[in-house]
Structures are given as C-alpha cells and as structure tokens.
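Trainee: So that you have it, the file is protein_32.cif, and it contains mmCIF, C-alpha atoms:
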data_query
loop_
_atom_site.label_atom_id
_atom_site.label_comp_id
_atom_site.auth_asym_id
_atom_site.auth_seq_id
_atom_site.Cartn_x
_atom_site.Cartn_y
_atom_site.Cartn_z
CA MET W 230 0.00 0.00 0.00
CA SER W 231 1.53 3.35 -0.99
CA SER W 232 2.05 6.27 1.41
CA GLN W 233 -0.18 8.36 -0.89
CA THR W 234 -3.03 5.89 -0.36
CA ASN W 235 -2.48 5.97 3.41
CA LEU W 236 -2.52 9.76 3.44
CA SER W 237 -5.68 9.89 1.37
CA ARG W 238 -7.40 7.51 3.78
CA ARG W 239 -6.27 9.56 6.79
CA ARG W 240 -7.68 12.71 5.20
CA PHE W 241 -10.93 10.94 4.32
CA GLY W 242 -11.19 9.64 7.89
CA GLY W 243 -10.65 13.12 9.28
CA LEU W 244 -13.31 14.61 7.04
CA LEU W 245 -15.76 11.84 7.91
CA ALA W 246 -15.16 12.29 11.64
CA ALA W 247 -15.67 16.04 11.35
CA THR W 248 -18.94 15.54 9.48
CA LEU W 249 -20.31 12.97 11.92
CA GLY W 250 -19.20 15.00 14.94
CA ALA W 251 -20.92 18.22 13.87
CA ALA W 252 -24.41 17.10 14.88
CA GLY W 253 -25.32 17.70 18.49
CA THR W 254 -22.22 19.78 19.33
CA PRO W 255 -22.96 22.46 21.95
CA ALA W 256 -22.92 26.02 20.58
CA TRP W 257 -19.96 27.12 22.71
CA ALA W 258 -17.91 24.08 21.67
CA ALA W 259 -18.83 24.54 18.02
CA ALA W 260 -17.66 28.15 18.17
CA ALA W 261 -14.32 27.17 19.66
CA GLN W 262 -13.87 24.32 17.19
CA GLY W 263 -14.84 26.55 14.30
CA LYS W 264 -12.35 29.21 15.27
CA GLY W 265 -9.57 26.64 15.48
CA LYS W 266 -10.48 25.02 12.17
CA ARG W 267 -10.60 28.37 10.36
CA MET W 268 -7.07 29.03 11.51
CA GLN W 269 -5.78 25.47 11.04
CA GLN W 270 -3.52 25.60 8.03
CA GLN W 271 0.13 25.37 7.18
CA HIS W 272 1.96 28.55 8.17
CA SER W 273 5.47 29.45 7.16
CA LEU W 274 7.90 29.61 10.03
CA ILE W 275 8.15 33.01 11.72
CA LYS W 276 11.27 33.69 13.77
CA PRO W 277 11.17 36.42 16.41
CA ALA W 278 13.99 38.94 16.69
CA ARG W 279 16.94 37.89 18.82
CA LEU W 280 17.18 39.36 22.31
CA ARG W 281 19.74 42.09 22.90
CA GLN W 282 21.08 43.80 26.01
CA GLY W 283 18.56 46.30 27.32
CA ASP W 284 15.52 44.74 25.63
CA LEU W 285 12.24 44.87 27.53
CA VAL W 286 10.75 41.58 28.70
CA ALA W 287 7.12 41.30 29.80
CA ILE W 288 6.65 38.92 32.74
CA ILE W 289 3.12 37.50 32.78
CA ALA W 290 1.18 34.72 34.51
CA PRO W 291 -0.97 33.00 31.87
CA GLY W 292 -1.61 29.90 33.99
CA GLY W 293 -1.32 29.41 37.76
CA PHE W 294 -1.25 32.28 40.24
CA THR W 295 2.00 33.61 41.65
CA ASP W 296 3.25 35.55 44.69
CA GLU W 297 5.51 38.44 45.58
CA ASP W 298 8.60 36.29 46.18
CA ALA W 299 8.30 34.70 42.75
CA ILE W 300 7.72 38.09 41.11
CA ALA W 301 10.84 39.56 42.75
CA LYS W 302 12.88 36.49 41.72
CA ALA W 303 11.62 36.70 38.14
CA VAL W 304 12.60 40.37 37.88
CA ARG W 305 16.08 39.56 39.23
CA ASN W 306 16.45 36.71 36.72
CA VAL W 307 15.52 38.93 33.78
CA GLU W 308 17.83 41.73 34.91
CA SER W 309 20.71 39.26 35.46
CA LEU W 310 20.64 38.65 31.69
CA GLY W 311 21.06 42.36 30.96
CA LEU W 312 17.40 42.74 30.06
CA ARG W 313 14.69 45.01 31.48
CA ALA W 314 11.54 43.67 33.11
CA SER W 315 7.94 44.87 33.05
CA LEU W 316 5.07 43.19 34.86
CA GLY W 317 1.71 42.30 33.37
CA ALA W 318 -1.11 44.45 34.77
CA ASN W 319 -2.87 41.37 36.18
CA ILE W 320 0.15 39.38 37.33
CA ARG W 321 -0.99 39.52 40.97
CA ALA W 322 -4.58 38.49 40.21
CA VAL W 323 -5.95 35.28 41.74
CA HIS W 324 -9.01 33.39 40.55
CA GLY W 325 -9.13 29.97 42.19
CA ASN W 326 -5.90 28.22 41.18
CA TYR W 327 -5.44 30.59 38.26
CA ALA W 328 -3.64 33.90 37.85
CA GLY W 329 -6.88 35.80 37.33
CA THR W 330 -9.85 35.17 35.10
CA VAL W 331 -9.45 33.98 31.53
CA GLN W 332 -10.00 37.56 30.35
CA GLN W 333 -7.38 38.99 32.71
CA ARG W 334 -4.81 36.46 31.55
CA LEU W 335 -5.71 37.07 27.90
CA ASP W 336 -5.40 40.82 28.41
CA ASP W 337 -1.84 40.49 29.72
CA LEU W 338 -0.79 38.13 26.95
CA HIS W 339 -2.37 40.21 24.17
CA GLY W 340 -1.06 43.40 25.73
CA ALA W 341 2.49 42.08 25.72
CA PHE W 342 2.29 41.04 22.07
CA ALA W 343 0.75 44.41 21.08
CA ASP W 344 3.31 46.55 22.95
CA PRO W 345 5.99 47.58 20.43
CA GLU W 346 8.55 48.10 23.20
CA VAL W 347 8.27 44.52 24.49
CA LYS W 348 10.70 42.13 22.78
CA ALA W 349 10.02 38.97 24.78
CA ILE W 350 7.21 37.48 26.87
CA TRP W 351 8.25 35.27 29.76
CA ALA W 352 5.79 33.20 31.77
CA ILE W 353 6.51 33.49 35.48
CA ARG W 354 5.34 29.91 36.10
CA GLY W 355 3.29 27.09 34.64
CA GLY W 356 0.64 25.59 36.88
CA SER W 357 -2.64 25.18 35.06
CA GLY W 358 -5.15 27.16 33.01
CA CYS W 359 -3.36 27.97 29.74
CA ILE W 360 -5.60 25.56 27.83
CA SER W 361 -8.58 27.83 28.61
CA LEU W 362 -7.01 30.64 26.56
CA LEU W 363 -6.45 28.80 23.30
CA ALA W 364 -9.81 29.28 21.56
CA LEU W 365 -9.80 32.97 22.53
CA LEU W 366 -6.26 33.96 21.55
CA ASP W 367 -5.90 36.64 18.88
CA TYR W 368 -3.64 34.68 16.55
CA ALA W 369 -3.68 37.43 13.92
CA LEU W 370 -2.29 39.87 16.51
CA ILE W 371 0.44 37.40 17.43
CA ARG W 372 1.33 36.81 13.79
CA ARG W 373 1.63 40.55 13.18
CA ASN W 374 3.83 41.02 16.25
CA PRO W 375 6.18 38.02 16.52
CA LYS W 376 8.08 37.96 19.79
CA VAL W 377 10.05 35.54 21.91
CA LEU W 378 7.76 33.51 24.21
CA ILE W 379 9.47 31.45 26.94
CA GLY W 380 8.21 28.89 29.44
CA TYR W 381 7.50 25.21 30.01
CA SER W 382 5.09 22.91 31.83
CA ASP W 383 1.55 24.33 31.36
CA ILE W 384 2.97 26.88 28.91
CA THR W 385 3.22 23.95 26.50
CA ALA W 386 -0.42 24.67 25.58
CA LEU W 387 0.51 28.17 24.39
CA HIS W 388 3.57 26.92 22.50
CA LEU W 389 1.60 24.30 20.58
CA ALA W 390 -1.40 26.52 19.84
CA ILE W 391 0.61 29.55 18.75
CA GLY W 392 2.93 27.39 16.66
CA SER W 393 0.10 25.58 14.90
CA GLN W 394 -1.99 28.70 14.28
CA THR W 395 0.73 31.23 13.38
CA GLY W 396 4.03 29.45 12.60
CA LEU W 397 5.83 31.48 15.29
CA VAL W 398 8.89 29.83 16.81
CA THR W 399 8.47 29.81 20.61
CA PHE W 400 10.79 28.51 23.31
CA HIS W 401 10.36 25.62 25.73
CA GLY W 402 12.68 26.75 28.48
CA PRO W 403 12.82 27.88 32.10
CA VAL W 404 10.01 29.97 33.52
CA ALA W 405 10.94 33.44 34.73
CA SER W 406 10.91 32.42 38.40
CA SER W 407 13.11 29.33 37.88
CA THR W 408 16.28 28.91 39.90
CA PHE W 409 18.85 29.49 37.20
CA SER W 410 22.02 27.45 36.86
CA GLU W 411 25.05 28.31 34.75
CA TYR W 412 24.08 25.56 32.31
CA THR W 413 20.51 26.85 31.97
CA VAL W 414 21.63 30.43 31.40
CA THR W 415 24.26 29.41 28.84
CA GLN W 416 21.79 27.35 26.80
CA LEU W 417 19.17 30.11 26.97
CA GLN W 418 21.64 32.76 25.80
CA ASN W 419 23.05 30.56 23.03
CA VAL W 420 19.57 30.11 21.54
CA LEU W 421 18.02 33.54 22.13
CA MET W 422 20.89 36.05 22.26
CA THR W 423 23.87 34.59 20.37
CA PRO W 424 22.24 32.38 17.72
CA GLN W 425 24.26 30.18 15.38
CA ASP W 426 23.35 28.53 12.09
CA SER W 427 24.21 25.19 13.69
CA TYR W 428 24.47 24.54 17.40
CA THR W 429 24.98 21.24 19.20
CA ILE W 430 23.45 21.21 22.66
CA PRO W 431 25.45 19.23 25.23
CA MET W 432 23.67 17.52 28.09
CA ALA W 433 24.17 18.96 31.60
CA LEU W 434 27.11 17.53 33.51
CA GLU W 435 25.19 18.18 36.73
CA ASN W 436 22.39 15.87 35.60
CA HIS W 437 24.96 13.21 34.71
CA ARG W 438 26.34 13.41 38.23
CA ARG W 439 22.85 13.23 39.72
CA ALA W 440 22.25 10.03 37.76
CA GLN W 441 24.72 8.27 40.05
CA THR W 442 22.11 8.40 42.81
CA ASP W 443 18.87 8.97 40.86
CA ALA W 444 18.37 6.62 37.91
CA ASN W 445 15.73 8.86 36.33
CA PHE W 446 18.45 11.39 35.51
CA ALA W 447 20.44 8.85 33.49
CA ILE W 448 20.50 9.19 29.71
CA ARG W 449 19.28 6.01 28.05
CA THR W 450 19.49 5.23 24.36
CA VAL W 451 16.66 2.81 23.63
CA HIS W 452 17.16 2.99 19.84
CA GLY W 453 20.33 4.46 18.38
CA GLY W 454 20.93 6.32 15.15
CA GLN W 455 20.33 9.83 13.86
CA ALA W 456 17.11 11.53 12.84
CA THR W 457 16.29 14.99 11.54
CA GLY W 458 12.96 16.75 11.96
CA ARG W 459 11.22 19.77 13.40
CA LEU W 460 11.00 20.01 17.18
CA THR W 461 7.61 19.77 18.83
CA GLY W 462 6.24 18.57 22.14
CA GLY W 463 6.59 19.69 25.75
CA ASN W 464 4.89 18.60 28.94
CA LEU W 465 3.35 15.17 28.39
CA CYS W 466 0.13 16.00 30.22
CA MET W 467 -0.51 19.04 28.02
CA VAL W 468 0.60 17.41 24.77
CA SER W 469 -1.77 14.50 25.36
CA ALA W 470 -4.60 16.81 26.48
CA LEU W 471 -4.44 18.66 23.15
CA ALA W 472 -4.52 15.49 21.02
CA GLY W 473 -7.50 15.62 18.69
CA THR W 474 -7.87 19.41 18.92
CA PRO W 475 -6.89 22.06 16.35
CA TYR W 476 -3.88 22.83 18.56
CA ALA W 477 -2.43 19.33 18.78
CA ALA W 478 1.26 18.64 18.27
CA ASP W 479 1.75 17.30 14.76
CA PHE W 480 4.84 15.18 15.25
CA ARG W 481 4.73 13.35 11.94
CA ASP W 482 8.32 13.38 10.62
CA GLY W 483 9.30 15.53 13.60
CA ILE W 484 11.35 15.10 16.76
CA LEU W 485 8.79 14.69 19.52
CA PHE W 486 10.12 15.74 22.93
CA LEU W 487 8.26 15.03 26.17
CA GLU W 488 8.79 15.53 29.92
CA GLU W 489 6.68 15.19 33.06
CA ILE W 490 6.64 15.54 36.84
CA ASN W 491 4.62 14.04 39.71
CA GLU W 492 2.76 11.47 37.60
CA VAL W 493 2.80 7.77 38.51
CA PRO W 494 3.71 5.22 35.82
CA TYR W 495 0.17 4.08 34.98
CA ARG W 496 -0.81 7.69 34.22
CA ILE W 497 2.34 8.14 32.13
CA ASP W 498 1.35 5.00 30.23
CA ARG W 499 -2.18 6.27 29.61
CA MET W 500 -0.99 9.61 28.27
CA LEU W 501 1.57 7.98 26.00
CA CYS W 502 -1.12 5.58 24.74
CA GLN W 503 -3.36 8.52 23.93
CA LEU W 504 -0.63 10.19 21.88
CA ASP W 505 0.30 6.96 20.13
CA LEU W 506 -3.33 6.32 19.23
CA SER W 507 -3.83 9.86 17.97
CA ILE W 508 -1.01 9.92 15.40
CA GLY W 509 1.36 7.02 16.07
CA PHE W 510 4.86 7.34 17.48
CA GLN W 511 6.18 5.38 14.51
CA GLN W 512 5.35 8.38 12.32
CA ALA W 513 7.78 10.58 14.26
CA ALA W 514 11.36 10.96 13.09
CA ALA W 515 12.53 10.40 16.68
CA LEU W 516 11.37 10.48 20.29
CA MET W 517 13.36 12.52 22.80
CA LEU W 518 12.24 12.18 26.40
CA GLY W 519 13.53 14.48 29.10
CA ILE W 520 13.69 13.85 32.81
CA PHE W 521 10.47 12.57 34.36
CA GLU W 522 11.04 13.69 37.94
CA HIS W 523 9.05 12.17 40.82
CA CYS W 524 7.27 9.81 38.43
CA GLU W 525 7.95 6.50 40.15
CA ALA W 526 5.19 4.58 41.91
CA ALA W 527 5.02 4.68 45.70
CA GLU W 528 7.22 2.15 47.48
CA GLY W 529 5.41 -1.16 47.85
CA ASP W 530 2.90 -0.33 45.12
CA THR W 531 2.26 -2.97 42.46
CA SER W 532 3.44 -1.11 39.41
CA LEU W 533 5.85 -1.12 36.53
CA THR W 534 8.83 1.14 37.05
CA LEU W 535 9.02 4.39 35.11
CA ASN W 536 11.62 2.99 32.69
CA GLU W 537 9.58 -0.18 32.13
CA THR W 538 6.58 2.02 31.36
CA LEU W 539 8.51 4.20 28.93
CA ASP W 540 10.08 1.20 27.24
CA GLN W 541 6.68 -0.30 26.49
CA HIS W 542 6.29 2.60 24.06
CA LEU W 543 9.89 3.15 22.96
CA GLN W 544 11.16 -0.38 22.38
CA PRO W 545 8.68 -1.33 19.60
CA LEU W 546 9.75 1.68 17.53
CA ALA W 547 12.14 1.63 14.61
CA VAL W 548 13.21 5.27 15.02
CA PRO W 549 15.82 6.78 17.35
CA ALA W 550 14.44 6.96 20.89
CA VAL W 551 16.12 8.29 24.02
CA SER W 552 15.25 9.32 27.56
CA GLY W 553 16.93 11.35 30.28
CA TYR W 554 17.87 14.38 28.18
CA SER W 555 18.47 17.63 30.07
CA PHE W 556 15.04 19.22 30.00
CA GLY W 557 11.98 19.01 32.19
CA HIS W 558 10.99 20.22 35.64
CA ILE W 559 14.64 20.42 36.64
CA ARG W 560 17.15 23.13 37.41
CA HIS W 561 19.69 22.27 34.70
CA GLN W 562 17.68 22.41 31.48
CA PHE W 563 18.32 23.50 27.93
CA THR W 564 16.03 25.71 25.86
CA ILE W 565 14.21 24.06 22.96
CA PRO W 566 13.01 26.19 20.01
CA MET W 567 9.66 24.84 18.86
CA GLY W 568 9.38 24.31 15.11
CA ILE W 569 13.10 24.52 14.36
CA LEU W 570 14.82 21.84 12.28
CA ALA W 571 17.17 19.73 14.39
CA THR W 572 19.08 16.43 14.37
CA LEU W 573 18.91 14.01 17.27
CA ASP W 574 22.00 11.82 17.55
CA ALA W 575 20.97 9.00 19.87
CA ASP W 576 24.44 7.48 19.81
CA ARG W 577 26.35 10.63 20.72
CA GLN W 578 23.48 11.73 22.98
CA THR W 579 23.23 15.22 21.51
CA LEU W 580 20.70 17.47 19.86
CA THR W 581 21.89 19.79 17.10
CA LEU W 582 19.84 22.79 16.01
CA LEU W 583 20.26 23.12 12.24
CA GLU W 584 19.17 26.74 11.99
CA ALA W 585 19.05 29.83 14.15
CA ALA W 586 15.78 30.14 16.05
CA VAL W 587 15.74 33.95 16.05
CA SER W 588 16.33 36.50 13.32
#
Can you present the structure in this file as structure tokens?

Mentor:
Amino acid sequence: MSSQTNLSRRRFGGLLAATLGAAGTPAWAAAAQGKGKRMQQQHSLIKPARLRQGDLVAIIAPGGFTDEDAIAKAVRNVESLGLRASLGANIRAVHGNYAGTVQQRLDDLHGAFADPEVKAIWAIRGGSGCISLLALLDYALIRRNPKVLIGYSDITALHLAIGSQTGLVTFHGPVASSTFSEYTVTQLQNVLMTPQDSYTIPMALENHRRAQTDANFAIRTVHGGQATGRLTGGNLCMVSALAGTPYAADFRDGILFLEEINEVPYRIDRMLCQLDLSIGFQQAAALMLGIFEHCEAAEGDTSLTLNETLDQHLQPLAVPAVSGYSFGHIRHQFTIPMGILATLDADRQTLTLLEAAVS
C-alpha cells in the first residue's frame, strides 16, 4: 500500500469524523472548534527577533497564580541577563488556582504582544489554566507582532497553539521564576541572544552526576541512530490533552520531545497511549524524552517502574528513541526552540539545532 493511499485515507477519515461530529455539538464548543479550524492551516515559520542587552521583557502569569517572592525572583532573573523587566497588569490576580480570570490572563498576553517596546514574553510559572485561553487567543495579533515567548510545563499549551496557528517559533525553556544554573543560562543565551546557524546542545554535567544516585536522571538510548525533523512537544500531560484538537502537536516526521513531573507510571502509560493512538509514534522521526522527575510509583505499590513504562512505548519503535535528556521540571535544562529543524543523535546523545531560532 503506498504512502499516498495511506494519506488519502487519513484525510478521508478526518473529514468523515468532522462531518459525523458536527451534529449535536454544543454552541460554545462549536464556536471554539470553528475558530480553530478556520485558523488550522500550514503557516510558514516566523522567527522572532533575537534578544539584545537592554531589551524589555514582559513577565506575565498566563496559567497558575504567583506571589511576591516569585515576582521579585523573576525580575532579578531577567535583569541578570542584561534585560529590562515589566510586569503584566494582572500578574498579581488570583481566581481559584489561576492567575486571574481567563479575560485577565488574555489581556496580559495580548497586551504584551501588542506593545511595540516589548521584545520577549516570559511566563513566570506554569501551573494550570493555559488551555482555557487557546480558543480565545488573537492569533492574527500574534502573527503581526512576533516575539520571543518562553516557558515550560503548562505553557506547552501556548507553545503548541501559537505554533500551529501562526508558525511562530516559541521557546520551551525555564520559567521566569526558575532557579537558574550556569548551564541553563548558557543554553538560553546561546539560543536567544547569540544564535548560530548550527548549534549542538550538550547535556548537563550536573544531571549526569545526579544520575549516580537517581536513575531517572540517566541518559538512556533505547534505539540508536540519527534523525532529523522539526522540534515539537513539551509537557506530556498538556501534549496529550491537546490530542485531537486544532492545537495538537503534529509530530509526523518531527522530533517529539516530552517531559513530566509528579505522575505515577500508569498515568504516564495512559498519556503515552493517547498520543500513540492519535497519530502514532512510529510516524515521528525520533522520540526525545527528558527527565520525568518524581514519576515513580510509591514504594510497595504494584506497578511497573518508570523505565519499564517508557520502554513499552519506545522499544517497539524503529526510530531513534532516548530518555533522560536535560530538559523538564529540573534546574539544569536547555532551551528548545519549537518548530526549528534539528538532528537528534541518539548514539552521541546530543541534539543539534540546524538553523538559528531567532532573526
């Protein structure tokens, strides 16, 4: 059976599912789906301008609420890079677990993109709630005003949605209130401030040392070889939650990267199954898993280990697959430009960016 036939059947299946699913859809859901589908198309890659000394960075809280200590730390972090910090108008807002209402969080995000003086937007933390913004984001505004967007964890929802709807390269990296390490700062600067046409990212020596006492920090090559593709992914919980939506990660022929924290193995297994069922890991060019911290089952629990759980999904593949790379909910993490072409070398245990991520 030819790949053209397979593709035609996939498209036919998608059209059929959309037709059958239209009946009985609530009005609010139909509006959100319609907005996403209108915007769902192939966009050429848009690279934001590189960051320079003195640039203004907007610190916002698009997900979980924050506090004064985290705000002060975030400002210090930004200024330590030679940048200037401004705070979103609603950064201190609290609405349940969220940093204000959906509208307040949208206002800060839209305001930062619309402000011509702001050169980068940095999420102060992840938490939860970013998924509520996706159907209401002004993607045309973002496309007209491309800027650096940085964060990880729940910010994955913004990365995937903005990438799929605008083509803007965004950055899976530390949140503004992270505790920076020399490794983290170096990798952030190399990607955002001193870009190169080709840059090989080394793994953190500190994580290698930690692996001596914590096996989850060890780099494992499940399948060797090299693979080239565009980078997409992020926090496993968010990537799996967006499967089947207009904002889903399309990892066909791409390097899919995933990380997680505080999830037991059976939940990790379920989320990986969901992603595999949605597209199929075999269609990726490679799988690159970061550090899944605090993801082992409780002592005495009847459970597969984390590595046994991951291997159930990685071992059957015929593409390069690794785990334990230096990204995730950890101090020593590298910054990953979403949408950029890269090569994963599973034998050398490196990731090489094949183009600059900023203009």

Trainee: One decimal, Å: what's the distance from CA of Val304 (chain W) over to CA of Leu338 (chain W), could you say?

Mentor: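 Between these atoms lies a distance of 17.4 Å.
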
Trainee: To verify the selection step, state as a ChimeraX atom specification which residues the PyMOL selection byres ((chain W and resi 523) around 12) yields on this input.

Mentor: /W:443-446,488-494,497,520-522,524-527,534-535,557-559

Trainee: Could you state which residues are captured by the PyMOL selection byres ((chain W and resi 333) around 12) in this file, as a PyMOL selection string?

Mentor: chain W and resi 289-292+294+317-324+327-332+334-340+361-362

Trainee: So that I can see what lies close to Cys502 (chain W), please list as a PyMOL selection string the residues with an atom at most 10 Å from it, counting all atoms listed in the file and leaving out residues fewer than 6 positions away in the same chain.

Mentor: chain W and resi 469+496+509-510+541-542

Trainee: Find the residues around Ser555 (chain W) up to 10 Å (only C-alpha atoms counted), leave out those fewer than 3 positions away in its own chain, and share them as a list in words.

Mentor: Tyr412, Thr413, Ile430, Pro431, Met432, Ala433, Leu434, Glu435, Asn436, His437, Phe446, Ala447, Ile448, Glu488, Leu518, Gly519, Ile520, Ser552, His558, Ile559, Arg560, His561, Gln562, Phe563 and Thr564 of chain W

Trainee: Which distance in Å separates CA of Gly293 (chain W) and CA of Val404 (chain W), to one decimal?

Mentor: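 If I compute the distance from CA of Gly293 (chain W) to CA of Val404 (chain W), I get 12.1 Å.
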
Trainee: Given the choices W:Tyr428, W:Trp351, W:Tyr554, W:Phe409, which gets closest to Leu387 (chain W) if the distance is worked out from only C-alpha atoms?

Mentor: W:Trp351

Trainee: For CA of Thr457 (chain W) and CA of Asp482 (chain W), determine how far apart the two atoms are, in Å to one decimal place.

Mentor: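 Calculated distance between CA of Thr457 (chain W) and CA of Asp482 (chain W) is 8.2 Å.
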
Trainee: With the PyMOL selection byres ((chain W and resi 367-377) around 6) as the selection, what would be picked from this file? Answer as a list of chain:residue names, please.

Mentor: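 Written out, the selection comes to W:Pro277, W:Lys348, W:Ala349, W:Leu366, W:Leu378, W:Thr395.
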
Trainee: Using all atoms listed in the file, which residues sit within 6 Å of Ala550 (chain W) once same-chain residues fewer than 6 positions away are excluded, as a list in words?

Mentor: Val451, His452, Ala515, Leu516 and Met517 of chain W

Trainee: Using only C-alpha atoms, which residue out of W:Ile360, W:Leu389, W:Ala405, W:Leu417 lies closest to Ile288 (chain W)?

Mentor: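 Closest to Ile288 (chain W), using only C-alpha atoms: W:Ala405.
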
Trainee: With all atoms listed in the file as the basis for distance, which of W:Asn536, W:Ser427, W:Arg499, W:Arg449 is at the shortest distance from Ala470 (chain W)?

Mentor: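 Counting all atoms listed in the file, the residue closest to Ala470 (chain W) is W:Arg499.
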
Trainee: Extract, using all atoms listed in the file, all DNA, RNA and protein residues at most 7 Å from region 569-571 of chain W, discarding same-chain residues fewer than 2 positions from it, and format them as a PyMOL selection string.

Mentor: chain W and resi 457-460+566-567+573+580-584+586

Trainee: Between W:Gln544, W:Ser315, W:Glu297, W:Ala341, which residue has the minimum interatomic distance to Gly453 (chain W), considering all atoms listed in the file?

Mentor: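 Closest to Gly453 (chain W), using all atoms listed in the file: W:Gln544.
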
Trainee: Return the single residue from W:Val548, W:Asp530, W:Thr429, W:Ala301 that is closest to Thr579 (chain W), with distances computed using all atoms listed in the file.

Mentor: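 Ranking W:Val548, W:Asp530, W:Thr429, W:Ala301 by distance to Thr579 (chain W), first place goes to W:Thr429.
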
Trainee: Please output region 320-328 of chain W, rebuilt to include all heavy atoms, as a PDB file, keeping the file's coordinate frame.

Mentor:
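The result, stored in part-v8.pdb:
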ATOM      1  N   ILE W 320      -0.723  40.466  36.885  1.00  0.00           N
ATOM      2  CA  ILE W 320       0.150  39.380  37.330  1.00  0.00           C
ATOM      3  C   ILE W 320      -0.134  38.968  38.773  1.00  0.00           C
ATOM      4  O   ILE W 320       0.127  37.830  39.167  1.00  0.00           O
ATOM      5  CB  ILE W 320       1.641  39.755  37.154  1.00  0.00           C
ATOM      6  CG1 ILE W 320       2.510  38.490  37.247  1.00  0.00           C
ATOM      7  CG2 ILE W 320       2.074  40.804  38.172  1.00  0.00           C
ATOM      8  CD1 ILE W 320       3.937  38.685  36.826  1.00  0.00           C
ATOM      9  N   ARG W 321      -0.705  39.858  39.562  1.00  0.00           N
ATOM     10  CA  ARG W 321      -0.990  39.520  40.970  1.00  0.00           C
ATOM     11  C   ARG W 321      -2.432  39.033  41.165  1.00  0.00           C
ATOM     12  O   ARG W 321      -2.841  38.761  42.289  1.00  0.00           O
ATOM     13  CB  ARG W 321      -0.742  40.735  41.850  1.00  0.00           C
ATOM     14  CG  ARG W 321       0.739  41.126  41.929  1.00  0.00           C
ATOM     15  CD  ARG W 321       0.945  42.360  42.788  1.00  0.00           C
ATOM     16  NE  ARG W 321       2.367  42.616  43.010  1.00  0.00           N
ATOM     17  CZ  ARG W 321       3.131  43.299  42.181  1.00  0.00           C
ATOM     18  NH1 ARG W 321       2.607  43.817  41.059  1.00  0.00           N
ATOM     19  NH2 ARG W 321       4.418  43.486  42.437  1.00  0.00           N
ATOM     20  N   ALA W 322      -3.180  38.911  40.093  1.00  0.00           N
ATOM     21  CA  ALA W 322      -4.580  38.490  40.210  1.00  0.00           C
ATOM     22  C   ALA W 322      -4.653  37.017  40.605  1.00  0.00           C
ATOM     23  O   ALA W 322      -3.786  36.209  40.266  1.00  0.00           O
ATOM     24  CB  ALA W 322      -5.300  38.719  38.885  1.00  0.00           C
ATOM     25  N   VAL W 323      -5.713  36.666  41.329  1.00  0.00           N
ATOM     26  CA  VAL W 323      -5.950  35.280  41.740  1.00  0.00           C
ATOM     27  C   VAL W 323      -7.417  34.955  41.500  1.00  0.00           C
ATOM     28  O   VAL W 323      -8.310  35.702  41.908  1.00  0.00           O
ATOM     29  CB  VAL W 323      -5.611  35.055  43.226  1.00  0.00           C
ATOM     30  CG1 VAL W 323      -5.917  33.615  43.628  1.00  0.00           C
ATOM     31  CG2 VAL W 323      -4.149  35.388  43.517  1.00  0.00           C
ATOM     32  N   HIS W 324      -7.649  33.855  40.811  1.00  0.00           N
ATOM     33  CA  HIS W 324      -9.010  33.390  40.550  1.00  0.00           C
ATOM     34  C   HIS W 324      -8.990  31.869  40.702  1.00  0.00           C
ATOM     35  O   HIS W 324      -8.659  31.142  39.766  1.00  0.00           O
ATOM     36  CB  HIS W 324      -9.451  33.807  39.138  1.00  0.00           C
ATOM     37  CG  HIS W 324     -10.850  33.395  38.785  1.00  0.00           C
ATOM     38  ND1 HIS W 324     -11.968  33.936  39.390  1.00  0.00           N
ATOM     39  CD2 HIS W 324     -11.316  32.488  37.892  1.00  0.00           C
ATOM     40  CE1 HIS W 324     -13.048  33.394  38.874  1.00  0.00           C
ATOM     41  NE2 HIS W 324     -12.677  32.504  37.973  1.00  0.00           N
ATOM     42  N   GLY W 325      -9.309  31.390  41.921  1.00  0.00           N
ATOM     43  CA  GLY W 325      -9.130  29.970  42.190  1.00  0.00           C
ATOM     44  C   GLY W 325      -7.655  29.619  42.129  1.00  0.00           C
ATOM     45  O   GLY W 325      -6.816  30.278  42.752  1.00  0.00           O
ATOM     46  N   ASN W 326      -7.305  28.589  41.363  1.00  0.00           N
ATOM     47  CA  ASN W 326      -5.900  28.220  41.180  1.00  0.00           C
ATOM     48  C   ASN W 326      -5.214  29.036  40.095  1.00  0.00           C
ATOM     49  O   ASN W 326      -4.020  28.859  39.850  1.00  0.00           O
ATOM     50  CB  ASN W 326      -5.794  26.736  40.805  1.00  0.00           C
ATOM     51  CG  ASN W 326      -6.157  25.821  41.957  1.00  0.00           C
ATOM     52  OD1 ASN W 326      -5.892  26.149  43.106  1.00  0.00           O
ATOM     53  ND2 ASN W 326      -6.765  24.686  41.653  1.00  0.00           N
ATOM     54  N   TYR W 327      -5.955  29.898  39.439  1.00  0.00           N
ATOM     55  CA  TYR W 327      -5.440  30.590  38.260  1.00  0.00           C
ATOM     56  C   TYR W 327      -4.989  32.012  38.569  1.00  0.00           C
ATOM     57  O   TYR W 327      -5.409  32.614  39.560  1.00  0.00           O
ATOM     58  CB  TYR W 327      -6.500  30.608  37.162  1.00  0.00           C
ATOM     59  CG  TYR W 327      -7.115  29.264  36.900  1.00  0.00           C
ATOM     60  CD1 TYR W 327      -8.487  29.047  37.065  1.00  0.00           C
ATOM     61  CD2 TYR W 327      -6.326  28.182  36.515  1.00  0.00           C
ATOM     62  CE1 TYR W 327      -9.051  27.804  36.851  1.00  0.00           C
ATOM     63  CE2 TYR W 327      -6.884  26.932  36.297  1.00  0.00           C
ATOM     64  CZ  TYR W 327      -8.241  26.741  36.470  1.00  0.00           C
ATOM     65  OH  TYR W 327      -8.791  25.508  36.264  1.00  0.00           O
ATOM     66  N   ALA W 328      -4.153  32.544  37.691  1.00  0.00           N
ATOM     67  CA  ALA W 328      -3.640  33.900  37.850  1.00  0.00           C
ATOM     68  C   ALA W 328      -4.640  34.896  37.254  1.00  0.00           C
ATOM     69  O   ALA W 328      -4.352  35.597  36.286  1.00  0.00           O
ATOM     70  CB  ALA W 328      -2.285  34.036  37.173  1.00  0.00           C
TER      71      ALA W 328
END
